[in-house]
Amino acid sequence: MAVDLSFFQSPLAEEIRDEGRAEGRAGAILRVLDRRGIDVSDEDRERLVSCDDLDMLDLWLDRAITATSASEVFVED
């Protein structure tokens, strides 16, 4: 019996995967900041968890590794 797996290649499935990736990266950023003892305001936390731009989240994660404050994570270039 053949199983239809076409859903997993659909745009909807990709969107669901991207949402999961974004949630995971936001969680990783919050974890890094927490472990480094950096306070995150409710506003910054909401900015993180509502972001769905994977490239931006990757940039913020890279910055979180060396930032001394949450504002350094979100600084505009």
# chains A, B, ... in the order shown; residues from 1 in each chain; ligands from 1
>>> residues_around(residues="stretch 26-28 of chain A", least_positions_apart="3", cutoff="10 Å", atoms="only C-alpha atoms", output="list of chain:residue names")
A:Gly20, A:Arg21, A:Ala22, A:Glu23, A:Arg31, A:Val32, A:Leu33, A:Asp34, A:Arg45, A:Glu46, A:Arg47, A:Leu48, A:Val49, A:Ser50, A:Cys51, A:Asp52, A:Leu54, A:Leu57, A:Asp58, A:Trp60, A:Leu61, A:Ala64
>>> write_last_selection(atoms="N, CA, C and O atoms", output="JSON list (two decimals), in the first residue's frame")
[["chain", "number", "residue", "atom", "x", "y", "z"],
["A", 20, "GLY", "N", 8.57, 26.38, 13.37],
["A", 20, "GLY", "CA", 9.26, 25.61, 14.41],
["A", 20, "GLY", "C", 10.71, 26.01, 14.55],
["A", 20, "GLY", "O", 11.24, 26.10, 15.66],
["A", 21, "ARG", "N", 11.36, 26.24, 13.41],
["A", 21, "ARG", "CA", 12.76, 26.69, 13.45],
["A", 21, "ARG", "C", 12.88, 28.04, 14.14],
["A", 21, "ARG", "O", 13.80, 28.27, 14.93],
["A", 22, "ALA", "N", 11.95, 28.96, 13.82],
["A", 22, "ALA", "CA", 11.98, 30.30, 14.43],
["A", 22, "ALA", "C", 11.76, 30.20, 15.94],
["A", 22, "ALA", "O", 12.47, 30.86, 16.71],
["A", 23, "GLU", "N", 10.81, 29.38, 16.35],
["A", 23, "GLU", "CA", 10.56, 29.22, 17.78],
["A", 23, "GLU", "C", 11.80, 28.65, 18.47],
["A", 23, "GLU", "O", 12.16, 29.08, 19.57],
["A", 31, "ARG", "N", 17.76, 31.42, 26.03],
["A", 31, "ARG", "CA", 18.55, 30.54, 26.90],
["A", 31, "ARG", "C", 19.99, 31.07, 27.05],
["A", 31, "ARG", "O", 20.54, 31.11, 28.16],
["A", 32, "VAL", "N", 20.60, 31.46, 25.94],
["A", 32, "VAL", "CA", 21.96, 32.00, 25.99],
["A", 32, "VAL", "C", 21.99, 33.24, 26.88],
["A", 32, "VAL", "O", 22.87, 33.38, 27.75],
["A", 33, "LEU", "N", 21.05, 34.14, 26.68],
["A", 33, "LEU", "CA", 21.03, 35.37, 27.47],
["A", 33, "LEU", "C", 20.80, 35.06, 28.95],
["A", 33, "LEU", "O", 21.44, 35.64, 29.83],
["A", 34, "ASP", "N", 19.90, 34.11, 29.23],
["A", 34, "ASP", "CA", 19.64, 33.73, 30.60],
["A", 34, "ASP", "C", 20.88, 33.14, 31.25],
["A", 34, "ASP", "O", 21.25, 33.51, 32.37],
["A", 45, "ARG", "N", 11.60, 40.26, 24.83],
["A", 45, "ARG", "CA", 11.16, 38.86, 24.77],
["A", 45, "ARG", "C", 10.07, 38.70, 23.69],
["A", 45, "ARG", "O", 10.11, 37.79, 22.89],
["A", 46, "GLU", "N", 9.13, 39.63, 23.68],
["A", 46, "GLU", "CA", 8.06, 39.57, 22.68],
["A", 46, "GLU", "C", 8.63, 39.76, 21.27],
["A", 46, "GLU", "O", 8.19, 39.11, 20.32],
["A", 47, "ARG", "N", 9.57, 40.65, 21.14],
["A", 47, "ARG", "CA", 10.23, 40.87, 19.83],
["A", 47, "ARG", "C", 10.87, 39.57, 19.34],
["A", 47, "ARG", "O", 10.77, 39.23, 18.16],
["A", 48, "LEU", "N", 11.52, 38.87, 20.24],
["A", 48, "LEU", "CA", 12.16, 37.61, 19.89],
["A", 48, "LEU", "C", 11.16, 36.55, 19.47],
["A", 48, "LEU", "O", 11.29, 35.94, 18.42],
["A", 49, "VAL", "N", 10.19, 36.30, 20.32],
["A", 49, "VAL", "CA", 9.27, 35.19, 20.06],
["A", 49, "VAL", "C", 8.31, 35.46, 18.90],
["A", 49, "VAL", "O", 7.77, 34.53, 18.32],
["A", 50, "SER", "N", 8.13, 36.72, 18.54],
["A", 50, "SER", "CA", 7.23, 37.03, 17.43],
["A", 50, "SER", "C", 7.97, 37.12, 16.09],
["A", 50, "SER", "O", 7.34, 37.22, 15.04],
["A", 51, "CYS", "N", 9.29, 37.07, 16.11],
["A", 51, "CYS", "CA", 10.08, 37.16, 14.88],
["A", 51, "CYS", "C", 10.04, 35.83, 14.13],
["A", 51, "CYS", "O", 10.24, 34.77, 14.72],
["A", 52, "ASP", "N", 9.79, 35.91, 12.83],
["A", 52, "ASP", "CA", 9.79, 34.69, 12.02],
["A", 52, "ASP", "C", 10.85, 34.74, 10.92],
["A", 52, "ASP", "O", 10.88, 33.91, 10.03],
["A", 54, "LEU", "N", 14.28, 33.93, 9.93],
["A", 54, "LEU", "CA", 15.35, 33.05, 10.39],
["A", 54, "LEU", "C", 16.73, 33.69, 10.29],
["A", 54, "LEU", "O", 17.58, 33.48, 11.16],
["A", 57, "LEU", "N", 17.04, 36.04, 13.25],
["A", 57, "LEU", "CA", 17.21, 35.27, 14.47],
["A", 57, "LEU", "C", 18.62, 34.70, 14.56],
["A", 57, "LEU", "O", 19.20, 34.67, 15.65],
["A", 58, "ASP", "N", 19.18, 34.26, 13.45],
["A", 58, "ASP", "CA", 20.56, 33.77, 13.45],
["A", 58, "ASP", "C", 21.53, 34.89, 13.84],
["A", 58, "ASP", "O", 22.47, 34.67, 14.60],
["A", 60, "TRP", "N", 20.82, 37.55, 15.66],
["A", 60, "TRP", "CA", 20.63, 37.82, 17.08],
["A", 60, "TRP", "C", 21.27, 36.74, 17.94],
["A", 60, "TRP", "O", 21.84, 37.04, 18.99],
["A", 61, "LEU", "N", 21.21, 35.49, 17.51],
["A", 61, "LEU", "CA", 21.84, 34.42, 18.27],
["A", 61, "LEU", "C", 23.35, 34.61, 18.31],
["A", 61, "LEU", "O", 23.98, 34.47, 19.36],
["A", 64, "ALA", "N", 24.06, 37.33, 20.73],
["A", 64, "ALA", "CA", 23.77, 36.96, 22.11],
["A", 64, "ALA", "C", 24.96, 36.28, 22.77],
["A", 64, "ALA", "O", 25.14, 36.36, 23.99]]
>>> atom_distance(atom1="atom CA of A:Glu15", atom2="atom CA of A:Glu76")
27.0 Å
>>> atom_distance(atom1="atom CA of A:Thr66", atom2="atom CA of A:Ile29")
11.5 Å
>>> closest_residue(among="A:Thr68, A:Phe74, A:Ser6, A:Pro11", to="A:Glu43", atoms="only C-alpha atoms")
A:Phe74
>>> select_by_dssp(residues="chain A", states="alpha helix (DSSP H)", output="count of residues only")
52
